[in-house]
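Chemist: Quick one, coords23.pdb (PDB, C-alpha atoms):
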```pdb
ATOM      1  CA  THR A   1       0.000   0.000   0.000
ATOM      2  CA  ALA A   2       1.028   3.637  -0.199
ATOM      3  CA  GLU A   3       1.369   3.724   3.620
ATOM      4  CA  LYS A   4       3.428   0.545   3.895
ATOM      5  CA  PRO A   5       5.544  -0.512   0.933
ATOM      6  CA  VAL A   6       6.266  -4.238   0.637
ATOM      7  CA  TYR A   7       9.956  -3.812   0.015
ATOM      8  CA  ASP A   8      13.019  -2.820   2.008
ATOM      9  CA  PHE A   9      15.376  -1.958  -0.817
ATOM     10  CA  ILE A  10      15.046  -0.528  -4.297
ATOM     11  CA  ALA A  11      17.883  -1.205  -6.706
ATOM     12  CA  PRO A  12      18.988   1.689  -8.895
ATOM     13  CA  GLY A  13      17.517   0.058 -12.005
ATOM     14  CA  ASP A  14      19.018  -1.407 -15.143
ATOM     15  CA  GLY A  15      19.096   1.595 -17.442
ATOM     16  CA  PHE A  16      15.941   0.494 -19.297
ATOM     17  CA  GLY A  17      13.408   2.030 -16.927
ATOM     18  CA  HIS A  18      13.051  -1.101 -14.787
ATOM     19  CA  THR A  19      13.184  -1.021 -10.995
ATOM     20  CA  PHE A  20      13.863  -4.074  -8.855
ATOM     21  CA  TRP A  21      12.556  -4.916  -5.400
ATOM     22  CA  THR A  22      14.241  -7.064  -2.777
ATOM     23  CA  ILE A  23      11.636  -8.360  -0.339
ATOM     24  CA  ASP A  24      13.238  -9.756   2.800
ATOM     25  CA  ARG A  25      11.233  -8.600   5.826
ATOM     26  CA  GLU A  26       9.430 -11.501   7.437
ATOM     27  CA  GLU A  27       6.185  -9.524   7.872
ATOM     28  CA  ASP A  28       6.164  -8.567   4.182
ATOM     29  CA  ILE A  29       6.819 -12.142   3.096
ATOM     30  CA  ALA A  30       4.009 -13.327   5.387
ATOM     31  CA  ALA A  31       1.605 -10.734   3.946
ATOM     32  CA  ILE A  32       2.362 -11.771   0.352
ATOM     33  CA  THR A  33       2.098 -15.458   1.257
ATOM     34  CA  ALA A  34      -1.321 -14.836   2.826
ATOM     35  CA  GLU A  35      -2.529 -13.089  -0.335
ATOM     36  CA  PHE A  36      -1.444 -16.018  -2.501
ATOM     37  CA  ALA A  37      -3.122 -18.456  -0.110
ATOM     38  CA  GLN A  38      -6.482 -16.822  -0.887
ATOM     39  CA  MET A  39      -6.199 -17.670  -4.601
ATOM     40  CA  PRO A  40      -8.234 -20.769  -5.518
ATOM     41  CA  ALA A  41      -5.792 -21.766  -8.251
ATOM     42  CA  LEU A  42      -2.819 -20.706 -10.347
ATOM     43  CA  TYR A  43      -2.793 -21.802 -13.986
ATOM     44  CA  ILE A  44       0.342 -22.499 -15.993
ATOM     45  CA  ALA A  45      -0.291 -20.427 -19.090
ATOM     46  CA  ASP A  46       3.135 -20.894 -20.653
ATOM     47  CA  GLY A  47       6.214 -22.933 -19.827
ATOM     48  CA  HIS A  48       4.527 -26.271 -19.119
ATOM     49  CA  HIS A  49       7.599 -28.274 -20.146
ATOM     50  CA  ARG A  50       9.946 -26.098 -18.090
ATOM     51  CA  SER A  51       7.673 -26.454 -15.060
ATOM     52  CA  ALA A  52       7.521 -30.231 -15.456
ATOM     53  CA  ALA A  53      11.304 -30.430 -15.897
ATOM     54  CA  ALA A  54      11.851 -28.359 -12.744
ATOM     55  CA  ALA A  55       9.534 -30.672 -10.802
ATOM     56  CA  LEU A  56      11.415 -33.754 -12.042
ATOM     57  CA  VAL A  57      14.790 -32.240 -11.127
ATOM     58  CA  GLY A  58      13.495 -31.317  -7.680
ATOM     59  CA  ALA A  59      12.163 -34.821  -7.067
ATOM     60  CA  GLU A  60      15.442 -36.404  -8.210
ATOM     61  CA  LYS A  61      17.531 -34.177  -5.958
ATOM     62  CA  ALA A  62      15.230 -34.947  -3.041
ATOM     63  CA  ARG A  63      15.809 -38.677  -3.578
ATOM     64  CA  GLN A  64      19.570 -38.103  -3.648
ATOM     65  CA  ASN A  65      19.559 -36.077  -0.419
ATOM     66  CA  PRO A  66      19.271 -38.241   2.714
ATOM     67  CA  ASP A  67      18.739 -35.073   4.789
ATOM     68  CA  HIS A  68      15.972 -33.664   2.578
ATOM     69  CA  ARG A  69      13.852 -31.132   4.467
ATOM     70  CA  GLY A  70      11.632 -29.613   1.768
ATOM     71  CA  ASP A  71      12.948 -26.070   1.932
ATOM     72  CA  GLU A  72      16.053 -26.530  -0.213
ATOM     73  CA  GLU A  73      16.419 -24.408  -3.335
ATOM     74  CA  TYR A  74      15.766 -27.388  -5.611
ATOM     75  CA  ASN A  75      12.207 -27.517  -4.275
ATOM     76  CA  TYR A  76      11.415 -24.245  -6.048
ATOM     77  CA  PHE A  77      11.618 -22.761  -9.515
ATOM     78  CA  MET A  78      11.193 -19.236 -10.754
ATOM     79  CA  ALA A  79       7.918 -18.049 -12.210
ATOM     80  CA  VAL A  80       6.042 -14.850 -12.868
ATOM     81  CA  CYS A  81       2.328 -14.490 -12.127
ATOM     82  CA  PHE A  82      -0.166 -12.302 -13.987
ATOM     83  CA  PRO A  83      -3.829 -11.692 -13.150
ATOM     84  CA  ALA A  84      -5.963 -13.321 -15.855
ATOM     85  CA  ASN A  85      -7.487  -9.959 -16.736
ATOM     86  CA  GLN A  86      -4.026  -8.599 -17.572
ATOM     87  CA  LEU A  87      -3.166 -11.391 -20.018
ATOM     88  CA  THR A  88      -4.184 -11.599 -23.641
ATOM     89  CA  ILE A  89      -4.349 -14.802 -25.671
ATOM     90  CA  ILE A  90      -3.759 -14.224 -29.353
ATOM     91  CA  ASP A  91      -4.018 -16.635 -32.245
ATOM     92  CA  TYR A  92      -1.460 -19.335 -33.040
ATOM     93  CA  ASN A  93      -1.617 -20.144 -36.742
ATOM     94  CA  ARG A  94      -0.446 -22.886 -39.108
ATOM     95  CA  VAL A  95       1.333 -23.049 -42.463
ATOM     96  CA  VAL A  96       1.687 -26.278 -44.472
ATOM     97  CA  LYS A  97       4.172 -27.103 -47.229
ATOM     98  CA  ASP A  98       1.894 -29.091 -49.554
ATOM     99  CA  LEU A  99      -1.684 -30.224 -50.183
ATOM    100  CA  ASN A 100      -1.011 -33.930 -49.723
ATOM    101  CA  GLY A 101      -1.223 -34.615 -53.466
ATOM    102  CA  LEU A 102      -4.405 -32.604 -54.044
ATOM    103  CA  THR A 103      -4.870 -29.727 -56.454
ATOM    104  CA  PRO A 104      -6.082 -26.444 -54.922
ATOM    105  CA  ALA A 105      -9.565 -27.073 -56.360
ATOM    106  CA  GLN A 106      -9.664 -30.612 -54.918
ATOM    107  CA  PHE A 107      -8.505 -29.322 -51.550
ATOM    108  CA  VAL A 108     -11.222 -26.646 -51.397
ATOM    109  CA  ALA A 109     -13.809 -29.223 -52.462
ATOM    110  CA  ALA A 110     -12.673 -31.560 -49.677
ATOM    111  CA  LEU A 111     -13.072 -28.756 -47.139
ATOM    112  CA  GLN A 112     -16.758 -28.405 -48.033
ATOM    113  CA  LYS A 113     -17.577 -31.723 -46.369
ATOM    114  CA  ASN A 114     -17.175 -30.246 -42.877
ATOM    115  CA  PHE A 115     -17.036 -26.489 -43.480
ATOM    116  CA  THR A 116     -19.044 -23.771 -45.120
ATOM    117  CA  VAL A 117     -16.462 -22.293 -47.494
ATOM    118  CA  GLU A 118     -16.612 -18.705 -48.737
ATOM    119  CA  GLU A 119     -14.014 -17.065 -50.958
ATOM    120  CA  LYS A 120     -13.049 -13.632 -49.595
ATOM    121  CA  GLY A 121     -10.678 -12.351 -52.273
ATOM    122  CA  ALA A 122      -7.135 -11.017 -52.125
ATOM    123  CA  ASP A 123      -7.525  -8.852 -49.001
ATOM    124  CA  ILE A 124      -6.533 -10.419 -45.700
ATOM    125  CA  TYR A 125      -9.474 -12.096 -43.976
ATOM    126  CA  ARG A 126      -9.388 -12.571 -40.196
ATOM    127  CA  PRO A 127     -11.515 -15.227 -38.416
ATOM    128  CA  SER A 128     -14.714 -13.607 -37.133
ATOM    129  CA  GLY A 129     -15.365 -15.850 -34.117
ATOM    130  CA  LEU A 130     -15.097 -19.324 -32.650
ATOM    131  CA  HIS A 131     -15.316 -22.135 -35.231
ATOM    132  CA  ASN A 132     -14.555 -19.721 -38.070
ATOM    133  CA  PHE A 133     -11.180 -20.091 -39.772
ATOM    134  CA  SER A 134      -9.213 -18.086 -42.279
ATOM    135  CA  LEU A 135      -7.428 -19.952 -45.062
ATOM    136  CA  TYR A 136      -4.947 -18.545 -47.591
ATOM    137  CA  LEU A 137      -4.280 -20.469 -50.797
ATOM    138  CA  ASP A 138      -3.048 -19.423 -54.243
ATOM    139  CA  GLY A 139      -3.358 -15.713 -53.548
ATOM    140  CA  ARG A 140      -6.943 -15.930 -52.226
ATOM    141  CA  TRP A 141      -8.392 -15.833 -48.733
ATOM    142  CA  TYR A 142     -11.256 -18.084 -47.670
ATOM    143  CA  SER A 143     -13.622 -18.170 -44.713
ATOM    144  CA  LEU A 144     -14.207 -21.658 -43.286
ATOM    145  CA  THR A 145     -17.026 -22.146 -40.784
ATOM    146  CA  ALA A 146     -17.268 -25.531 -39.101
ATOM    147  CA  LYS A 147     -20.671 -27.124 -39.672
ATOM    148  CA  GLU A 148     -22.906 -28.122 -36.784
ATOM    149  CA  GLY A 149     -22.151 -31.643 -35.647
ATOM    150  CA  THR A 150     -18.444 -31.503 -36.498
ATOM    151  CA  TYR A 151     -17.517 -30.554 -32.919
ATOM    152  CA  ASN A 152     -18.767 -31.310 -29.422
ATOM    153  CA  ASP A 153     -19.691 -28.315 -27.267
ATOM    154  CA  ASP A 154     -19.687 -30.529 -24.167
ATOM    155  CA  ASP A 155     -16.074 -31.612 -24.668
ATOM    156  CA  PRO A 156     -13.609 -28.911 -23.492
ATOM    157  CA  ILE A 157     -10.950 -30.280 -25.879
ATOM    158  CA  GLY A 158     -13.220 -31.247 -28.766
ATOM    159  CA  VAL A 159     -14.801 -27.791 -28.932
ATOM    160  CA  LEU A 160     -11.447 -26.052 -29.440
ATOM    161  CA  ASP A 161     -10.794 -24.685 -32.908
ATOM    162  CA  VAL A 162      -7.302 -26.167 -32.796
ATOM    163  CA  THR A 163      -8.893 -29.609 -32.352
ATOM    164  CA  ILE A 164     -11.436 -29.038 -35.132
ATOM    165  CA  SER A 165      -8.785 -27.870 -37.584
ATOM    166  CA  SER A 166      -6.317 -30.589 -36.583
ATOM    167  CA  ASN A 167      -8.873 -33.372 -37.007
ATOM    168  CA  LEU A 168     -10.840 -32.183 -40.034
ATOM    169  CA  ILE A 169      -8.198 -30.358 -42.080
ATOM    170  CA  LEU A 170      -4.668 -31.255 -41.055
ATOM    171  CA  ASP A 171      -5.324 -34.942 -40.383
ATOM    172  CA  GLU A 172      -8.322 -35.918 -42.519
ATOM    173  CA  ILE A 173      -7.363 -33.983 -45.661
ATOM    174  CA  LEU A 174      -3.639 -33.177 -45.421
ATOM    175  CA  GLY A 175      -2.511 -36.358 -43.659
ATOM    176  CA  ILE A 176      -0.694 -34.583 -40.809
ATOM    177  CA  LYS A 177      -1.075 -36.880 -37.808
ATOM    178  CA  ASP A 178       1.401 -35.455 -35.287
ATOM    179  CA  LEU A 179       1.723 -31.689 -34.939
ATOM    180  CA  ARG A 180       4.875 -32.060 -32.859
ATOM    181  CA  SER A 181       6.931 -34.111 -35.295
ATOM    182  CA  ASP A 182       5.583 -33.631 -38.826
ATOM    183  CA  LYS A 183       8.069 -31.571 -40.865
ATOM    184  CA  ARG A 184       5.400 -30.436 -43.341
ATOM    185  CA  ILE A 185       3.804 -28.032 -40.875
ATOM    186  CA  ASP A 186       5.046 -24.931 -39.093
ATOM    187  CA  PHE A 187       3.463 -22.547 -36.600
ATOM    188  CA  VAL A 188       3.277 -18.770 -36.636
ATOM    189  CA  GLY A 189       2.419 -16.744 -33.549
ATOM    190  CA  GLY A 190      -0.375 -14.280 -34.147
ATOM    191  CA  ILE A 191       1.855 -11.482 -32.845
ATOM    192  CA  ARG A 192       3.427 -11.521 -36.339
ATOM    193  CA  GLY A 193       0.091 -10.839 -38.016
ATOM    194  CA  LEU A 194      -1.730 -12.601 -40.832
ATOM    195  CA  GLY A 195       0.505 -10.835 -43.312
ATOM    196  CA  GLU A 196       3.256 -13.232 -42.251
ATOM    197  CA  LEU A 197       1.078 -16.174 -43.338
ATOM    198  CA  LYS A 198       0.535 -14.560 -46.753
ATOM    199  CA  LYS A 199       4.248 -13.870 -47.073
ATOM    200  CA  ARG A 200       5.271 -17.456 -46.408
ATOM    201  CA  VAL A 201       2.746 -18.842 -48.888
ATOM    202  CA  ASP A 202       3.475 -16.258 -51.589
ATOM    203  CA  SER A 203       7.216 -16.987 -51.295
ATOM    204  CA  GLY A 204       6.593 -20.596 -52.285
ATOM    205  CA  GLU A 205       7.981 -21.900 -48.996
ATOM    206  CA  MET A 206       4.488 -22.971 -47.943
ATOM    207  CA  LYS A 207       1.424 -23.953 -49.946
ATOM    208  CA  VAL A 208      -1.434 -23.069 -47.605
ATOM    209  CA  ALA A 209      -1.963 -21.100 -44.388
ATOM    210  CA  LEU A 210      -4.641 -21.491 -41.732
ATOM    211  CA  ALA A 211      -5.503 -18.809 -39.170
ATOM    212  CA  LEU A 212      -7.484 -19.607 -36.013
ATOM    213  CA  TYR A 213      -9.633 -17.486 -33.728
ATOM    214  CA  PRO A 214      -7.860 -17.022 -30.358
ATOM    215  CA  VAL A 215      -8.661 -19.377 -27.495
ATOM    216  CA  SER A 216     -10.537 -17.658 -24.661
ATOM    217  CA  MET A 217      -9.242 -17.531 -21.086
ATOM    218  CA  LYS A 218     -12.391 -19.410 -20.014
ATOM    219  CA  GLN A 219     -11.643 -22.249 -22.444
ATOM    220  CA  LEU A 220      -8.123 -22.556 -21.084
ATOM    221  CA  MET A 221      -9.323 -22.640 -17.471
ATOM    222  CA  ASP A 222     -12.110 -25.115 -18.272
ATOM    223  CA  ILE A 223      -9.549 -27.489 -19.766
ATOM    224  CA  ALA A 224      -7.285 -27.232 -16.724
ATOM    225  CA  ASP A 225     -10.210 -27.568 -14.289
ATOM    226  CA  THR A 226     -11.360 -30.796 -15.958
ATOM    227  CA  GLY A 227      -7.880 -32.315 -15.804
ATOM    228  CA  ASN A 228      -7.312 -32.137 -19.542
ATOM    229  CA  ILE A 229      -4.235 -30.983 -21.439
ATOM    230  CA  MET A 230      -4.281 -28.223 -24.021
ATOM    231  CA  PRO A 231      -3.298 -29.448 -27.505
ATOM    232  CA  PRO A 232       0.122 -28.297 -28.775
ATOM    233  CA  LYS A 233       0.597 -24.847 -30.308
ATOM    234  CA  THR A 234      -2.796 -23.564 -29.172
ATOM    235  CA  THR A 235      -2.094 -20.335 -27.314
ATOM    236  CA  TRP A 236       0.208 -17.342 -27.660
ATOM    237  CA  PHE A 237       0.223 -15.201 -24.523
ATOM    238  CA  GLU A 238       1.007 -11.521 -24.235
ATOM    239  CA  PRO A 239       2.665  -9.760 -22.543
ATOM    240  CA  LYS A 240       5.879 -11.760 -22.612
ATOM    241  CA  LEU A 241       8.822 -11.013 -20.380
ATOM    242  CA  ARG A 242      11.975  -9.525 -21.803
ATOM    243  CA  SER A 243      14.505 -12.150 -22.791
ATOM    244  CA  GLY A 244      17.610 -12.496 -20.693
ATOM    245  CA  LEU A 245      19.811 -14.875 -18.732
ATOM    246  CA  VAL A 246      18.430 -15.576 -15.259
ATOM    247  CA  ILE A 247      19.901 -18.290 -13.064
ATOM    248  CA  HIS A 248      18.308 -20.000 -10.085
ATOM    249  CA  LYS A 249      20.988 -21.974  -8.220
ATOM    250  CA  LEU A 250      19.660 -25.319  -7.023
ATOM    251  CA  GLU A 251      22.348 -25.797  -4.396
TER     252      GLU A 251
END
```
What is this file in structure tokens?
Modeler:
Amino acid sequence: TAEKPVYDFIAPGDGFGHTFWTIDREEDIAAITAEFAQMPALYIADGHHRSAAAALVGAEKARQNPDHRGDEEYNYFMAVCFPANQLTIIDYNRVVKDLNGLTPAQFVAALQKNFTVEEKGADIYRPSGLHNFSLYLDGRWYSLTAKEGTYNDDDPIGVLDVTISSNLILDEILGIKDLRSDKRIDFVGGIRGLGELKKRVDSGEMKVALALYPVSMKQLMDIADTGNIMPPKTTWFEPKLRSGLVIHKLE
């Protein structure tokens, strides 16, 4: 609060307008701990693999330490917490190198089985809402709207646009079974804009691009609350921290 700051020492800064706080008074640490204790849950929005790796390292070091107490440095890892209302999820889009042996006309025709397809012309088209996709192929943009019955509103994973597009376009039509390992597909964070998708297709590097409507914070929390796991390359969070080398010594 303005009357009682929660820090004892302010570092001079780093020359980039940042100020650092060292919090070491027991009463301040207790106050912050009490505030965190009131939170019903914290959600890992980014860094799932790093969090899991830190947990595995901590467990291994605990097994190796016959005097393990639970307060050693290896029991902790660094993280930054944001209120959900201060985070933004933006789209995470796909580009694919080929049409799996289909001509552009055959590919568009195949899409019509599960999607209402509308050609939008040469100007960039952005998805208008959930279950609407933007596709760029041969210099033209298309709107794809998933037809009723192609997704399950009661399934927190099945209702995701990343699941719909993965099942009905990438897998069923383009033959891409594993998003993590297939070399024919690449992913473009929405922070780079849909113009980046157009650029990569127009260059000849990629054949087709697919833009998705961003996942909502509620969808992400529903998936975590039901014990499910978000599919790969689904979310791009902003803001992101500045890059840099930060070391947490484990011992």
Chemist: Write out as CSV a residue-level contact list of stretch 137-245 of chain A versus stretch 112-120 of chain A with cut-off 10 Å: for each qualifying residue the closest pair of atoms and the distance in Å to one decimal, counting only C-alpha atoms, rows sorted by chain and residue number upward.
Modeler:
```
residue,atom,partner,partner_atom,distance
A:Arg140,CA,A:Lys120,CA,7.0
A:Trp141,CA,A:Lys120,CA,5.2
A:Tyr142,CA,A:Glu119,CA,4.4
A:Ser143,CA,A:Glu118,CA,5.0
A:Leu144,CA,A:Val117,CA,4.8
A:Thr145,CA,A:Thr116,CA,5.1
A:Ala146,CA,A:Phe115,CA,4.5
A:Lys147,CA,A:Phe115,CA,5.3
A:Glu148,CA,A:Asn114,CA,8.6
A:Gly149,CA,A:Asn114,CA,8.9
A:Thr150,CA,A:Asn114,CA,6.6
A:Tyr151,CA,A:Asn114,CA,10.0
A:Ile164,CA,A:Asn114,CA,9.7
A:Leu168,CA,A:Asn114,CA,7.2
A:Ile169,CA,A:Asn114,CA,9.0
```
Chemist: Take the PyMOL selection byres ((chain A and resi 224) around 12), apply it to the structure above, and return the hits as number ranges by chain.
Modeler: A: 41-45, 156-157, 217-223, 225-231
Chemist: I'd like the residues picked by the PyMOL selection byres ((chain A and resi 82-94) around 6) written out as a ChimeraX atom specification, using the chain letters and numbers from the file.
Modeler: /A:81,95,186-190,209-214,234-238
Chemist: How would you write, as a list in words, the residues chosen by the PyMOL selection byres ((chain A and resi 72) around 12) on this structure?
Modeler: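 On this input, the PyMOL selection byres ((chain A and resi 72) around 12) captures Gly58, Ala59, Lys61, Ala62, Asn65, Asp67, His68, Arg69, Gly70, Asp71, Glu73, Tyr74, Asn75, Tyr76, Phe77, Lys249, Leu250 and Glu251 of chain A.
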Chemist: With distances taken over all atoms listed in the file, which of A:Pro239, A:Gly175, A:Pro232, A:Gly139 is nearest to A:Val162?
Modeler: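 For A:Val162, the nearest of the candidates is A:Pro232.
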Chemist: Rounded to one decimal in Å, what is the spacing between atom CA of A:Gly129 and atom CA of A:Asn100?
Modeler: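 For atom CA of A:Gly129 relative to atom CA of A:Asn100, the distance reads 27.9 Å.
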Chemist: Identify which of the residues A:Val108, A:Glu196, A:Ala79, A:His248 lies closest to A:Gly47, counting all atoms listed in the file when measuring atom-to-atom distances.
Modeler: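 Using all atoms listed in the file, A:Gly47 sits closest to A:Ala79.
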Chemist: Would you mind telling me which residue in A:Ala53, A:Leu99, A:Met78, A:Leu170 lies nearest to A:Val246 when using only C-alpha atoms?
Modeler: A:Met78
Chemist: Figure out the distance between atom CA of A:Ile191 and atom CA of A:Ala122, please, to one decimal in Å.
Modeler: 21.3 Å
Chemist: Could stretch 5-99 of chain A be written out with C-alpha atoms, as a PDB file, in the first residue's frame, please?
Modeler:
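Contents of out-v5.pdb, as written:
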```pdb
ATOM      1  CA  PRO A   5       5.544  -0.512   0.933  1.00  0.00           C
ATOM      2  CA  VAL A   6       6.266  -4.238   0.637  1.00  0.00           C
ATOM      3  CA  TYR A   7       9.956  -3.812   0.015  1.00  0.00           C
ATOM      4  CA  ASP A   8      13.019  -2.820   2.008  1.00  0.00           C
ATOM      5  CA  PHE A   9      15.376  -1.958  -0.817  1.00  0.00           C
ATOM      6  CA  ILE A  10      15.046  -0.528  -4.297  1.00  0.00           C
ATOM      7  CA  ALA A  11      17.883  -1.205  -6.706  1.00  0.00           C
ATOM      8  CA  PRO A  12      18.988   1.689  -8.895  1.00  0.00           C
ATOM      9  CA  GLY A  13      17.517   0.058 -12.005  1.00  0.00           C
ATOM     10  CA  ASP A  14      19.018  -1.407 -15.143  1.00  0.00           C
ATOM     11  CA  GLY A  15      19.096   1.595 -17.442  1.00  0.00           C
ATOM     12  CA  PHE A  16      15.941   0.494 -19.297  1.00  0.00           C
ATOM     13  CA  GLY A  17      13.408   2.030 -16.927  1.00  0.00           C
ATOM     14  CA  HIS A  18      13.051  -1.101 -14.787  1.00  0.00           C
ATOM     15  CA  THR A  19      13.184  -1.021 -10.995  1.00  0.00           C
ATOM     16  CA  PHE A  20      13.863  -4.074  -8.855  1.00  0.00           C
ATOM     17  CA  TRP A  21      12.556  -4.916  -5.400  1.00  0.00           C
ATOM     18  CA  THR A  22      14.241  -7.064  -2.777  1.00  0.00           C
ATOM     19  CA  ILE A  23      11.636  -8.360  -0.339  1.00  0.00           C
ATOM     20  CA  ASP A  24      13.238  -9.756   2.800  1.00  0.00           C
ATOM     21  CA  ARG A  25      11.233  -8.600   5.826  1.00  0.00           C
ATOM     22  CA  GLU A  26       9.430 -11.501   7.437  1.00  0.00           C
ATOM     23  CA  GLU A  27       6.185  -9.524   7.872  1.00  0.00           C
ATOM     24  CA  ASP A  28       6.164  -8.567   4.182  1.00  0.00           C
ATOM     25  CA  ILE A  29       6.819 -12.142   3.096  1.00  0.00           C
ATOM     26  CA  ALA A  30       4.009 -13.327   5.387  1.00  0.00           C
ATOM     27  CA  ALA A  31       1.605 -10.734   3.946  1.00  0.00           C
ATOM     28  CA  ILE A  32       2.362 -11.771   0.352  1.00  0.00           C
ATOM     29  CA  THR A  33       2.098 -15.458   1.257  1.00  0.00           C
ATOM     30  CA  ALA A  34      -1.321 -14.836   2.826  1.00  0.00           C
ATOM     31  CA  GLU A  35      -2.529 -13.089  -0.335  1.00  0.00           C
ATOM     32  CA  PHE A  36      -1.444 -16.018  -2.501  1.00  0.00           C
ATOM     33  CA  ALA A  37      -3.122 -18.456  -0.110  1.00  0.00           C
ATOM     34  CA  GLN A  38      -6.482 -16.822  -0.887  1.00  0.00           C
ATOM     35  CA  MET A  39      -6.199 -17.670  -4.601  1.00  0.00           C
ATOM     36  CA  PRO A  40      -8.234 -20.769  -5.518  1.00  0.00           C
ATOM     37  CA  ALA A  41      -5.792 -21.766  -8.251  1.00  0.00           C
ATOM     38  CA  LEU A  42      -2.819 -20.706 -10.347  1.00  0.00           C
ATOM     39  CA  TYR A  43      -2.793 -21.802 -13.986  1.00  0.00           C
ATOM     40  CA  ILE A  44       0.342 -22.499 -15.993  1.00  0.00           C
ATOM     41  CA  ALA A  45      -0.291 -20.427 -19.090  1.00  0.00           C
ATOM     42  CA  ASP A  46       3.135 -20.894 -20.653  1.00  0.00           C
ATOM     43  CA  GLY A  47       6.214 -22.933 -19.827  1.00  0.00           C
ATOM     44  CA  HIS A  48       4.527 -26.271 -19.119  1.00  0.00           C
ATOM     45  CA  HIS A  49       7.599 -28.274 -20.146  1.00  0.00           C
ATOM     46  CA  ARG A  50       9.946 -26.098 -18.090  1.00  0.00           C
ATOM     47  CA  SER A  51       7.673 -26.454 -15.060  1.00  0.00           C
ATOM     48  CA  ALA A  52       7.521 -30.231 -15.456  1.00  0.00           C
ATOM     49  CA  ALA A  53      11.304 -30.430 -15.897  1.00  0.00           C
ATOM     50  CA  ALA A  54      11.851 -28.359 -12.744  1.00  0.00           C
ATOM     51  CA  ALA A  55       9.534 -30.672 -10.802  1.00  0.00           C
ATOM     52  CA  LEU A  56      11.415 -33.754 -12.042  1.00  0.00           C
ATOM     53  CA  VAL A  57      14.790 -32.240 -11.127  1.00  0.00           C
ATOM     54  CA  GLY A  58      13.495 -31.317  -7.680  1.00  0.00           C
ATOM     55  CA  ALA A  59      12.163 -34.821  -7.067  1.00  0.00           C
ATOM     56  CA  GLU A  60      15.442 -36.404  -8.210  1.00  0.00           C
ATOM     57  CA  LYS A  61      17.531 -34.177  -5.958  1.00  0.00           C
ATOM     58  CA  ALA A  62      15.230 -34.947  -3.041  1.00  0.00           C
ATOM     59  CA  ARG A  63      15.809 -38.677  -3.578  1.00  0.00           C
ATOM     60  CA  GLN A  64      19.570 -38.103  -3.648  1.00  0.00           C
ATOM     61  CA  ASN A  65      19.559 -36.077  -0.419  1.00  0.00           C
ATOM     62  CA  PRO A  66      19.271 -38.241   2.714  1.00  0.00           C
ATOM     63  CA  ASP A  67      18.739 -35.073   4.789  1.00  0.00           C
ATOM     64  CA  HIS A  68      15.972 -33.664   2.578  1.00  0.00           C
ATOM     65  CA  ARG A  69      13.852 -31.132   4.467  1.00  0.00           C
ATOM     66  CA  GLY A  70      11.632 -29.613   1.768  1.00  0.00           C
ATOM     67  CA  ASP A  71      12.948 -26.070   1.932  1.00  0.00           C
ATOM     68  CA  GLU A  72      16.053 -26.530  -0.213  1.00  0.00           C
ATOM     69  CA  GLU A  73      16.419 -24.408  -3.335  1.00  0.00           C
ATOM     70  CA  TYR A  74      15.766 -27.388  -5.611  1.00  0.00           C
ATOM     71  CA  ASN A  75      12.207 -27.517  -4.275  1.00  0.00           C
ATOM     72  CA  TYR A  76      11.415 -24.245  -6.048  1.00  0.00           C
ATOM     73  CA  PHE A  77      11.618 -22.761  -9.515  1.00  0.00           C
ATOM     74  CA  MET A  78      11.193 -19.236 -10.754  1.00  0.00           C
ATOM     75  CA  ALA A  79       7.918 -18.049 -12.210  1.00  0.00           C
ATOM     76  CA  VAL A  80       6.042 -14.850 -12.868  1.00  0.00           C
ATOM     77  CA  CYS A  81       2.328 -14.490 -12.127  1.00  0.00           C
ATOM     78  CA  PHE A  82      -0.166 -12.302 -13.987  1.00  0.00           C
ATOM     79  CA  PRO A  83      -3.829 -11.692 -13.150  1.00  0.00           C
ATOM     80  CA  ALA A  84      -5.963 -13.321 -15.855  1.00  0.00           C
ATOM     81  CA  ASN A  85      -7.487  -9.959 -16.736  1.00  0.00           C
ATOM     82  CA  GLN A  86      -4.026  -8.599 -17.572  1.00  0.00           C
ATOM     83  CA  LEU A  87      -3.166 -11.391 -20.018  1.00  0.00           C
ATOM     84  CA  THR A  88      -4.184 -11.599 -23.641  1.00  0.00           C
ATOM     85  CA  ILE A  89      -4.349 -14.802 -25.671  1.00  0.00           C
ATOM     86  CA  ILE A  90      -3.759 -14.224 -29.353  1.00  0.00           C
ATOM     87  CA  ASP A  91      -4.018 -16.635 -32.245  1.00  0.00           C
ATOM     88  CA  TYR A  92      -1.460 -19.335 -33.040  1.00  0.00           C
ATOM     89  CA  ASN A  93      -1.617 -20.144 -36.742  1.00  0.00           C
ATOM     90  CA  ARG A  94      -0.446 -22.886 -39.108  1.00  0.00           C
ATOM     91  CA  VAL A  95       1.333 -23.049 -42.463  1.00  0.00           C
ATOM     92  CA  VAL A  96       1.687 -26.278 -44.472  1.00  0.00           C
ATOM     93  CA  LYS A  97       4.172 -27.103 -47.229  1.00  0.00           C
ATOM     94  CA  ASP A  98       1.894 -29.091 -49.554  1.00  0.00           C
ATOM     95  CA  LEU A  99      -1.684 -30.224 -50.183  1.00  0.00           C
TER      96      LEU A  99
END
```
